[in-house]
file input_7.txt (compact mmCIF, C-alpha atoms (C1' of nucleotides))
# COMPACT_ATOMS: atom_id res chain seq x y z
CA CYS W 1 9.03 2.36 32.40
CA ARG W 2 7.29 -0.98 32.04
CA THR W 3 4.08 0.62 33.21
CA ASN W 4 4.52 3.46 30.74
CA ARG W 5 5.43 6.08 33.26
CA PRO W 6 8.86 7.26 32.20
CA HIS W 7 8.61 10.48 34.15
CA ALA W 8 8.19 8.54 37.38
CA ALA W 9 11.20 6.48 36.40
CA LEU W 10 13.18 9.64 35.80
CA ARG W 11 12.38 10.90 39.30
CA LEU W 12 13.64 7.60 40.68
CA LEU W 13 16.75 7.89 38.57
CA ASN W 14 17.44 11.34 39.90
CA ASN W 15 16.99 10.10 43.44
CA MET W 16 19.47 7.29 43.07
CA PRO W 17 22.59 9.15 44.19
CA SER W 18 20.87 10.35 47.36
CA GLN W 19 19.92 6.74 48.09
CA GLY W 20 23.52 5.71 47.74
CA CYS W 21 22.81 3.71 44.65
CA GLU W 22 25.16 3.59 41.74
CA PHE W 23 24.01 5.87 39.04
CA ASN W 24 25.04 4.35 35.80
CA ALA W 25 24.56 4.05 32.08
CA VAL W 26 22.37 0.96 32.39
CA ALA W 27 19.87 2.80 34.56
CA TYR W 28 20.03 5.82 32.27
CA CYS W 29 19.45 3.81 29.13
CA THR W 30 16.53 1.98 30.68
CA VAL W 31 14.82 5.28 31.38
CA ILE W 32 15.77 6.71 28.00
CA SER W 33 14.18 3.68 26.31
CA GLY W 34 11.06 4.31 28.32
CA PHE W 35 10.86 7.87 27.03
CA TYR W 36 11.35 6.79 23.44
CA GLU W 37 8.74 4.11 23.87
CA GLN W 38 6.23 6.74 24.93
CA ASP W 39 7.33 9.04 22.11
CA TYR W 40 8.93 11.64 24.35
CA ARG W 41 11.69 11.93 21.80
CA ALA W 42 13.06 15.29 22.86
CA GLU W 43 13.23 14.34 26.53
CA ALA W 44 14.84 11.03 25.68
CA TYR W 45 17.48 12.65 23.54
CA GLU W 46 18.19 15.32 26.12
CA LEU W 47 18.62 12.66 28.78
CA PHE W 48 21.00 10.76 26.53
CA VAL W 49 23.16 13.83 25.99
CA ASN W 50 22.99 14.48 29.70
CA MET W 51 24.20 11.00 30.49
CA LEU W 52 27.20 11.38 28.22
CA SER W 53 28.11 14.78 29.57
CA GLN W 54 28.15 13.31 33.05
CA GLY W 55 30.72 10.81 31.88
CA PHE W 56 28.41 7.80 31.68
CA CYS W 57 28.75 5.95 28.41
CA PRO W 58 26.83 2.74 27.75
CA ASN W 59 28.67 -0.35 26.64
CA ILE W 60 27.59 -1.95 23.41
CA THR W 61 25.11 -4.35 25.01
CA THR W 62 23.33 -1.59 26.87
CA PHE W 63 23.37 0.57 23.77
CA ASN W 64 21.94 -2.26 21.67
CA LYS W 65 18.95 -2.56 23.98
CA LEU W 66 18.29 1.12 23.52
CA ILE W 67 18.45 1.13 19.74
CA HIS W 68 16.35 -2.00 19.63
CA THR W 69 13.53 0.04 21.15
CA LEU W 70 14.01 2.59 18.39
CA ALA W 71 14.27 -0.05 15.68
CA LYS W 72 10.92 -1.50 16.66
CA LYS W 73 9.44 1.96 16.24
CA GLY W 74 11.19 2.34 12.90
CA ASP W 75 13.21 5.28 14.13
CA VAL W 76 16.58 4.42 12.61
CA ARG W 77 17.60 7.99 12.09
CA GLU W 78 17.47 8.62 15.81
CA SER W 79 19.49 5.42 16.37
CA GLU W 80 22.12 6.70 13.99
CA LYS W 81 22.29 9.99 15.84
CA LEU W 82 22.85 8.20 19.12
CA PHE W 83 25.27 5.76 17.58
CA ASN W 84 27.49 8.52 16.20
CA LYS W 85 27.78 9.94 19.69
CA VAL W 86 28.87 6.74 21.39
CA TYR W 87 31.08 5.76 18.46
CA LYS W 88 33.06 8.95 19.03
CA ARG W 89 33.57 7.77 22.57
CA GLY W 90 35.09 4.52 21.47
CA VAL W 91 32.10 2.19 21.48
CA SER W 92 32.32 -0.27 18.59
CA PRO W 93 29.32 -1.93 17.02
CA ASN W 94 29.01 -5.70 17.24
CA LEU W 95 26.96 -8.00 15.05
CA PHE W 96 23.89 -7.45 17.23
CA THR W 97 24.17 -3.73 16.56
CA PHE W 98 24.18 -4.28 12.82
CA ASN W 99 21.31 -6.73 13.00
CA ILE W 100 19.25 -4.21 14.91
CA PHE W 101 20.07 -1.47 12.41
CA ILE W 102 19.09 -3.74 9.54
CA GLN W 103 15.77 -4.37 11.24
CA GLY W 104 15.20 -0.65 11.75
CA LEU W 105 16.05 0.23 8.17
CA CYS W 106 13.71 -2.42 6.83
CA LYS W 107 10.89 -1.29 9.07
CA LYS W 108 11.34 2.21 7.69
CA GLY W 109 11.25 0.81 4.15
CA LEU W 110 14.89 1.71 3.49
CA LEU W 111 15.55 -1.65 1.92
CA SER W 112 18.52 -0.81 -0.26
CA GLU W 113 20.18 0.82 2.72
CA ALA W 114 19.58 -2.35 4.70
CA VAL W 115 21.16 -4.41 1.95
CA ARG W 116 24.14 -2.06 1.88
CA LEU W 117 24.56 -2.51 5.60
CA LEU W 118 25.20 -6.18 4.97
CA ASP W 119 28.45 -5.05 3.34
CA GLY W 120 28.97 -2.67 6.22
CA VAL W 121 29.09 -5.68 8.51
CA LYS W 122 31.95 -7.14 6.53
CA ARG W 123 33.75 -3.79 6.38
CA GLU W 124 33.71 -3.71 10.14
CA GLY W 125 35.49 -7.06 10.14
CA LEU W 126 32.40 -8.94 11.27
CA THR W 127 30.72 -11.88 9.60
CA PRO W 128 26.98 -11.84 8.95
CA ASP W 129 25.28 -14.77 10.63
CA VAL W 130 21.97 -16.53 10.22
CA VAL W 131 20.21 -13.84 12.25
CA THR W 132 21.63 -11.10 10.03
CA TYR W 133 20.24 -12.76 6.93
CA ASN W 134 16.99 -13.69 8.63
CA THR W 135 16.49 -10.10 9.67
CA LEU W 136 17.07 -8.83 6.16
CA ILE W 137 14.91 -11.56 4.65
CA CYS W 138 12.11 -10.75 7.06
CA GLY W 139 12.36 -7.06 6.27
CA LEU W 140 12.16 -7.74 2.55
CA CYS W 141 9.17 -10.06 2.98
CA LYS W 142 7.29 -7.51 5.05
CA LYS W 143 7.70 -5.04 2.21
CA SER W 144 6.48 -7.63 -0.30
CA GLU W 145 9.93 -8.19 -1.79
CA VAL W 146 9.66 -11.93 -1.32
CA ASP W 147 11.56 -12.87 -4.47
CA LYS W 148 14.48 -10.77 -3.36
CA ALA W 149 14.22 -12.37 0.05
CA GLU W 150 14.53 -15.78 -1.53
CA CYS W 151 17.64 -14.59 -3.35
CA TYR W 152 19.20 -13.86 0.01
CA LEU W 153 18.36 -17.38 1.07
CA HIS W 154 20.71 -18.51 -1.66
CA THR W 155 23.26 -15.88 -0.79
CA MET W 156 23.43 -17.08 2.76
CA VAL W 157 23.90 -20.66 1.65
CA ASN W 158 26.74 -19.51 -0.60
CA ASP W 159 28.21 -17.79 2.44
CA GLY W 160 28.32 -21.14 4.16
CA LEU W 161 25.35 -20.52 6.44
CA GLU W 162 22.54 -22.93 7.03
CA PRO W 163 19.02 -21.50 6.81
CA ASP W 164 16.91 -22.33 9.86
CA GLY W 165 13.23 -22.39 10.71
CA PHE W 166 13.11 -18.61 10.92
CA THR W 167 14.44 -18.37 7.39
CA TYR W 168 12.01 -20.82 5.83
CA ASN W 169 8.97 -19.76 7.83
CA THR W 170 9.56 -16.12 7.01
CA ILE W 171 9.75 -16.64 3.26
CA ILE W 172 6.90 -19.14 3.24
CA ASP W 173 4.77 -16.60 5.08
CA GLY W 174 5.81 -13.91 2.64
CA TYR W 175 4.62 -15.97 -0.31
CA CYS W 176 1.39 -16.92 1.45
CA LYS W 177 0.57 -13.29 2.12
CA GLN W 178 1.05 -12.57 -1.58
CA GLY W 179 -1.24 -15.43 -2.48
CA LYS W 180 1.65 -17.27 -4.12
CA ILE W 181 0.88 -20.55 -2.44
CA GLN W 182 2.67 -22.50 -5.16
CA ASN W 183 5.94 -20.72 -4.38
CA ALA W 184 5.43 -21.35 -0.69
CA ASP W 185 4.81 -25.01 -1.37
CA ASN W 186 7.86 -25.34 -3.57
CA LEU W 187 10.06 -23.79 -0.94
CA LEU W 188 8.54 -25.99 1.75
CA LYS W 189 9.26 -29.10 -0.31
CA ASP W 190 12.81 -28.01 -0.84
CA ALA W 191 13.27 -27.13 2.82
CA THR W 192 11.75 -30.39 4.00
CA TYR W 193 14.16 -32.23 1.74
CA LYS W 194 16.97 -30.43 3.52
CA GLY W 195 15.72 -31.52 6.88
CA PHE W 196 13.36 -28.74 7.84
CA VAL W 197 10.37 -29.83 9.88
CA PRO W 198 7.34 -27.57 9.49
CA ASP W 199 6.05 -26.23 12.80
CA GLU W 200 3.05 -24.20 13.98
CA PHE W 201 4.43 -21.06 12.32
CA THR W 202 4.62 -22.82 8.96
CA TYR W 203 1.15 -24.27 9.18
CA CYS W 204 -0.39 -21.07 10.40
CA SER W 205 1.01 -19.17 7.41
CA LEU W 206 -0.12 -21.82 4.95
CA ILE W 207 -3.61 -22.08 6.38
CA ASN W 208 -4.06 -18.31 6.39
CA GLY W 209 -2.73 -18.09 2.86
CA LEU W 210 -5.04 -20.79 1.53
CA TRP W 211 -7.99 -19.31 3.38
CA GLN W 212 -7.36 -15.87 1.92
CA GLU W 213 -7.26 -17.43 -1.53
CA GLY W 214 -10.61 -19.04 -0.89
CA ASP W 215 -9.12 -22.52 -1.02
CA ILE W 216 -10.92 -23.75 2.06
CA ASP W 217 -10.53 -27.41 1.17
CA ARG W 218 -6.77 -27.29 1.08
CA ALA W 219 -6.72 -25.12 4.18
CA MET W 220 -8.64 -27.85 5.98
CA ASP W 221 -6.25 -30.48 4.63
CA VAL W 222 -3.24 -28.59 5.92
CA PHE W 223 -4.97 -28.09 9.24
CA ALA W 224 -5.59 -31.83 9.48
CA GLU W 225 -1.97 -32.50 8.59
CA ALA W 226 -0.80 -30.19 11.38
CA LEU W 227 -3.07 -31.91 13.88
CA GLY W 228 -1.76 -35.25 12.67
CA LYS W 229 1.73 -34.12 13.58
CA GLY W 230 0.68 -33.44 17.11
CA LEU W 231 0.57 -29.67 16.80
CA LYS W 232 -2.15 -28.10 18.86
CA PRO W 233 -4.39 -25.37 17.51
CA SER W 234 -4.35 -22.19 19.51
C1' G M 1 36.04 -16.93 34.17
C1' C M 2 30.67 -16.71 32.75
C1' G M 3 26.41 -14.21 31.45
C1' A M 4 23.35 -9.51 29.45
C1' C M 5 21.67 -7.18 23.67
C1' U M 6 19.32 -9.11 17.61
C1' U M 7 15.46 -12.55 13.45
C1' U M 8 9.54 -15.89 11.77
C1' A M 9 2.80 -16.87 11.99
C1' G M 10 -1.79 -16.03 14.09
C1' C M 11 -4.89 -14.86 18.51
C1' C M 12 -5.60 -11.64 22.83
C1' A M 13 -4.78 -7.39 25.96
call {"tool": "encode", "arguments": {"input": "input_7.txt", "output": "structure tokens"}}
result
Amino acid sequence: CRTNRPHAALRLLNNMPSQGCEFNAVAYCTVISGFYEQDYRAEAYELFVNMLSQGFCPNITTFNKLIHTLAKKGDVRESEKLFNKVYKRGVSPNLFTFNIFIQGLCKKGLLSEAVRLLDGVKREGLTPDVVTYNTLICGLCKKSEVDKAECYLHTMVNDGLEPDGFTYNTIIDGYCKQGKIQNADNLLKDATYKGFVPDEFTYCSLINGLWQEGDIDRAMDVFAEALGKGLKPS
RNA sequence: GCGACUUUAGCCA
């Protein structure tokens, strides 16, 4: 599958029993992911159904890997279809599962659904963590909803979570891409005050943002500042 | 018993 040849992988999979190897859900899901990755959606789905009918059901970790492949492609609807099937067989979602779904929904532009899923996490008796919020914040930023994203920064703090570098860098980048360098700067000041140390992600976003705005002088200043902190250009 | 699975910039393939 890693070399983009899912059909070859499938032949191997089918040969496993004759080689005396254990034929299991992990192997199945690996091949299924490969098919989805190459957009053989029908084959992938058929193989999934096949796996279940043979009595192999992935555990949640194995399942998460599979839907992560789909989330990256923005195919949440397919993930839901698969999820409903394993859910019926007693597989319960964990926080990773929700985080992956939130990512998939955002990628597809289904932002309000992603926000609603945050409540879904709580309904399932789970507690959203920093990654949950970061995922949502990132999704909002990518769809230019940076102000909303910053609202969730406050929400997470109210929930007793501490924003990390992912959180700050994501929102700073969101503002930079919108040309709202002032907002990015304000947030950076605030974050620095709270102990955040800007890294290469932060500087890269700022420099790109300033450059896009035609503010070459400040871009150079920020670049010099990054060098001064021992960060290496790449 | 322990582990597996989720989130941020740009560049390149």
call {"tool": "atom_distance", "arguments": {"input": "input_7.txt", "atom1": "atom CA of Phe63 of chain W", "atom2": "atom CA of Thr97 of chain W"}}
result
8.4 Å
call {"tool": "interface_residues", "arguments": {"input": "input_7.txt", "of": "chain M", "to": "chain W", "cutoff": "6 Å", "atoms": "all atoms listed in the file", "output": "list of chain:residue names"}}
result
M:C5, M:U6, M:U7, M:U8, M:A9
call {"tool": "atom_distance", "arguments": {"input": "input_7.txt", "atom1": "atom CA of Ile181 of chain W", "atom2": "atom CA of Gly109 of chain W"}}
result
24.6 Å
call {"tool": "closest_residue", "arguments": {"input": "input_7.txt", "among": "W:His7, W:Lys142, W:Lys73, W:Lys108", "to": "Ile32 of chain W", "atoms": "all atoms listed in the file"}}
result
W:His7
call {"tool": "atom_distance", "arguments": {"input": "input_7.txt", "atom1": "atom CA of Lys194 of chain W", "atom2": "atom CA of Gly160 of chain W"}}
result
14.7 Å
call {"tool": "decode", "arguments": {"input": "input_7.txt", "residues": "chain M", "atoms": "N, CA, C and O atoms (P, O5', C5', C4', C3', O3' and C1' of nucleotides)", "output": "PDB file, in the first residue's frame"}}
result
ATOM      1  P     G M   1      -3.797  -5.325  33.347  1.00  0.00           P
ATOM      2  O5'   G M   1      -2.429  -4.488  33.199  1.00  0.00           O
ATOM      3  C5'   G M   1      -1.863  -3.928  34.358  1.00  0.00           C
ATOM      4  C4'   G M   1      -0.409  -3.759  34.139  1.00  0.00           C
ATOM      5  C3'   G M   1      -0.050  -2.891  32.957  1.00  0.00           C
ATOM      6  O3'   G M   1      -0.161  -1.516  33.251  1.00  0.00           O
ATOM      7  C1'   G M   1       1.231  -4.838  32.861  1.00  0.00           C
ATOM      8  P     C M   2      -0.987  -0.587  32.233  1.00  0.00           P
ATOM      9  O5'   C M   2       0.152  -0.285  31.177  1.00  0.00           O
ATOM     10  C5'   C M   2       1.486   0.003  31.624  1.00  0.00           C
ATOM     11  C4'   C M   2       2.410  -0.090  30.457  1.00  0.00           C
ATOM     12  C3'   C M   2       1.905   0.562  29.179  1.00  0.00           C
ATOM     13  O3'   C M   2       2.062   1.965  29.184  1.00  0.00           O
ATOM     14  C1'   C M   2       2.788  -1.542  28.667  1.00  0.00           C
ATOM     15  P     G M   3       0.974   2.854  28.366  1.00  0.00           P
ATOM     16  O5'   G M   3       1.277   2.423  26.856  1.00  0.00           O
ATOM     17  C5'   G M   3       2.314   3.102  26.166  1.00  0.00           C
ATOM     18  C4'   G M   3       2.733   2.346  24.947  1.00  0.00           C
ATOM     19  C3'   G M   3       1.853   2.558  23.715  1.00  0.00           C
ATOM     20  O3'   G M   3       2.164   3.778  23.096  1.00  0.00           O
ATOM     21  C1'   G M   3       2.374   0.276  23.916  1.00  0.00           C
ATOM     22  P     A M   4       0.976   4.690  22.441  1.00  0.00           P
ATOM     23  O5'   A M   4       0.728   3.874  21.091  1.00  0.00           O
ATOM     24  C5'   A M   4       1.819   3.564  20.212  1.00  0.00           C
ATOM     25  C4'   A M   4       1.303   2.735  19.039  1.00  0.00           C
ATOM     26  C3'   A M   4       0.253   3.482  18.232  1.00  0.00           C
ATOM     27  O3'   A M   4       0.679   3.579  16.888  1.00  0.00           O
ATOM     28  C1'   A M   4      -0.481   1.262  18.779  1.00  0.00           C
ATOM     29  P     C M   5       0.795   5.198  16.429  1.00  0.00           P
ATOM     30  O5'   C M   5      -0.734   5.576  16.176  1.00  0.00           O
ATOM     31  C5'   C M   5      -1.380   5.099  15.011  1.00  0.00           C
ATOM     32  C4'   C M   5      -2.804   5.566  15.035  1.00  0.00           C
ATOM     33  C3'   C M   5      -2.958   7.033  15.403  1.00  0.00           C
ATOM     34  O3'   C M   5      -2.696   7.851  14.277  1.00  0.00           O
ATOM     35  C1'   C M   5      -4.587   5.712  16.526  1.00  0.00           C
ATOM     36  P     U M   6      -1.895   9.242  14.517  1.00  0.00           P
ATOM     37  O5'   U M   6      -3.080  10.217  14.846  1.00  0.00           O
ATOM     38  C5'   U M   6      -4.142  10.395  13.904  1.00  0.00           C
ATOM     39  C4'   U M   6      -5.026  11.501  14.377  1.00  0.00           C
ATOM     40  C3'   U M   6      -4.335  12.846  14.519  1.00  0.00           C
ATOM     41  O3'   U M   6      -4.301  13.497  13.260  1.00  0.00           O
ATOM     42  C1'   U M   6      -5.675  12.401  16.429  1.00  0.00           C
ATOM     43  P     U M   7      -3.068  14.480  12.966  1.00  0.00           P
ATOM     44  O5'   U M   7      -3.507  15.801  13.709  1.00  0.00           O
ATOM     45  C5'   U M   7      -4.659  16.522  13.266  1.00  0.00           C
ATOM     46  C4'   U M   7      -4.669  17.880  13.898  1.00  0.00           C
ATOM     47  C3'   U M   7      -3.429  18.714  13.613  1.00  0.00           C
ATOM     48  O3'   U M   7      -3.543  19.363  12.369  1.00  0.00           O
ATOM     49  C1'   U M   7      -3.956  18.792  15.927  1.00  0.00           C
ATOM     50  P     U M   8      -2.262  19.602  11.487  1.00  0.00           P
ATOM     51  O5'   U M   8      -1.721  20.981  12.027  1.00  0.00           O
ATOM     52  C5'   U M   8      -2.541  22.147  11.949  1.00  0.00           C
ATOM     53  C4'   U M   8      -1.725  23.360  12.240  1.00  0.00           C
ATOM     54  C3'   U M   8      -0.556  23.586  11.282  1.00  0.00           C
ATOM     55  O3'   U M   8      -1.006  24.203  10.106  1.00  0.00           O
ATOM     56  C1'   U M   8       0.090  23.986  13.543  1.00  0.00           C
ATOM     57  P     A M   9      -0.333  23.931   8.738  1.00  0.00           P
ATOM     58  O5'   A M   9       0.846  25.009   8.724  1.00  0.00           O
ATOM     59  C5'   A M   9       0.532  26.398   8.783  1.00  0.00           C
ATOM     60  C4'   A M   9       1.753  27.215   8.489  1.00  0.00           C
ATOM     61  C3'   A M   9       2.452  26.900   7.169  1.00  0.00           C
ATOM     62  O3'   A M   9       1.835  27.585   6.102  1.00  0.00           O
ATOM     63  C1'   A M   9       4.041  27.012   8.892  1.00  0.00           C
ATOM     64  P     G M  10       1.653  26.939   4.675  1.00  0.00           P
ATOM     65  O5'   G M  10       3.150  26.958   4.126  1.00  0.00           O
ATOM     66  C5'   G M  10       3.668  28.161   3.560  1.00  0.00           C
ATOM     67  C4'   G M  10       5.164  28.117   3.552  1.00  0.00           C
ATOM     68  C3'   G M  10       5.787  27.168   2.531  1.00  0.00           C
ATOM     69  O3'   G M  10       5.840  27.750   1.250  1.00  0.00           O
ATOM     70  C1'   G M  10       6.842  26.878   4.607  1.00  0.00           C
ATOM     71  P     C M  11       5.636  26.800  -0.059  1.00  0.00           P
ATOM     72  O5'   C M  11       7.061  26.076  -0.190  1.00  0.00           O
ATOM     73  C5'   C M  11       8.258  26.858  -0.263  1.00  0.00           C
ATOM     74  C4'   C M  11       9.474  25.972  -0.202  1.00  0.00           C
ATOM     75  C3'   C M  11       9.413  24.729  -1.089  1.00  0.00           C
ATOM     76  O3'   C M  11       9.804  25.008  -2.421  1.00  0.00           O
ATOM     77  C1'   C M  11      10.062  24.093   1.088  1.00  0.00           C
ATOM     78  P     C M  12       8.993  24.285  -3.635  1.00  0.00           P
ATOM     79  O5'   C M  12       9.642  22.826  -3.629  1.00  0.00           O
ATOM     80  C5'   C M  12      11.059  22.661  -3.654  1.00  0.00           C
ATOM     81  C4'   C M  12      11.416  21.229  -3.356  1.00  0.00           C
ATOM     82  C3'   C M  12      10.618  20.184  -4.123  1.00  0.00           C
ATOM     83  O3'   C M  12      11.110  19.988  -5.427  1.00  0.00           O
ATOM     84  C1'   C M  12      10.732  19.569  -1.844  1.00  0.00           C
ATOM     85  P     A M  13      10.052  19.496  -6.583  1.00  0.00           P
ATOM     86  O5'   A M  13       9.889  17.959  -6.225  1.00  0.00           O
ATOM     87  C5'   A M  13      10.944  17.047  -6.515  1.00  0.00           C
ATOM     88  C4'   A M  13      10.596  15.696  -5.937  1.00  0.00           C
ATOM     89  C3'   A M  13       9.326  15.038  -6.490  1.00  0.00           C
ATOM     90  O3'   A M  13       9.546  14.344  -7.702  1.00  0.00           O
ATOM     91  C1'   A M  13       9.303  14.948  -4.124  1.00  0.00           C
TER      92        A M  13
END
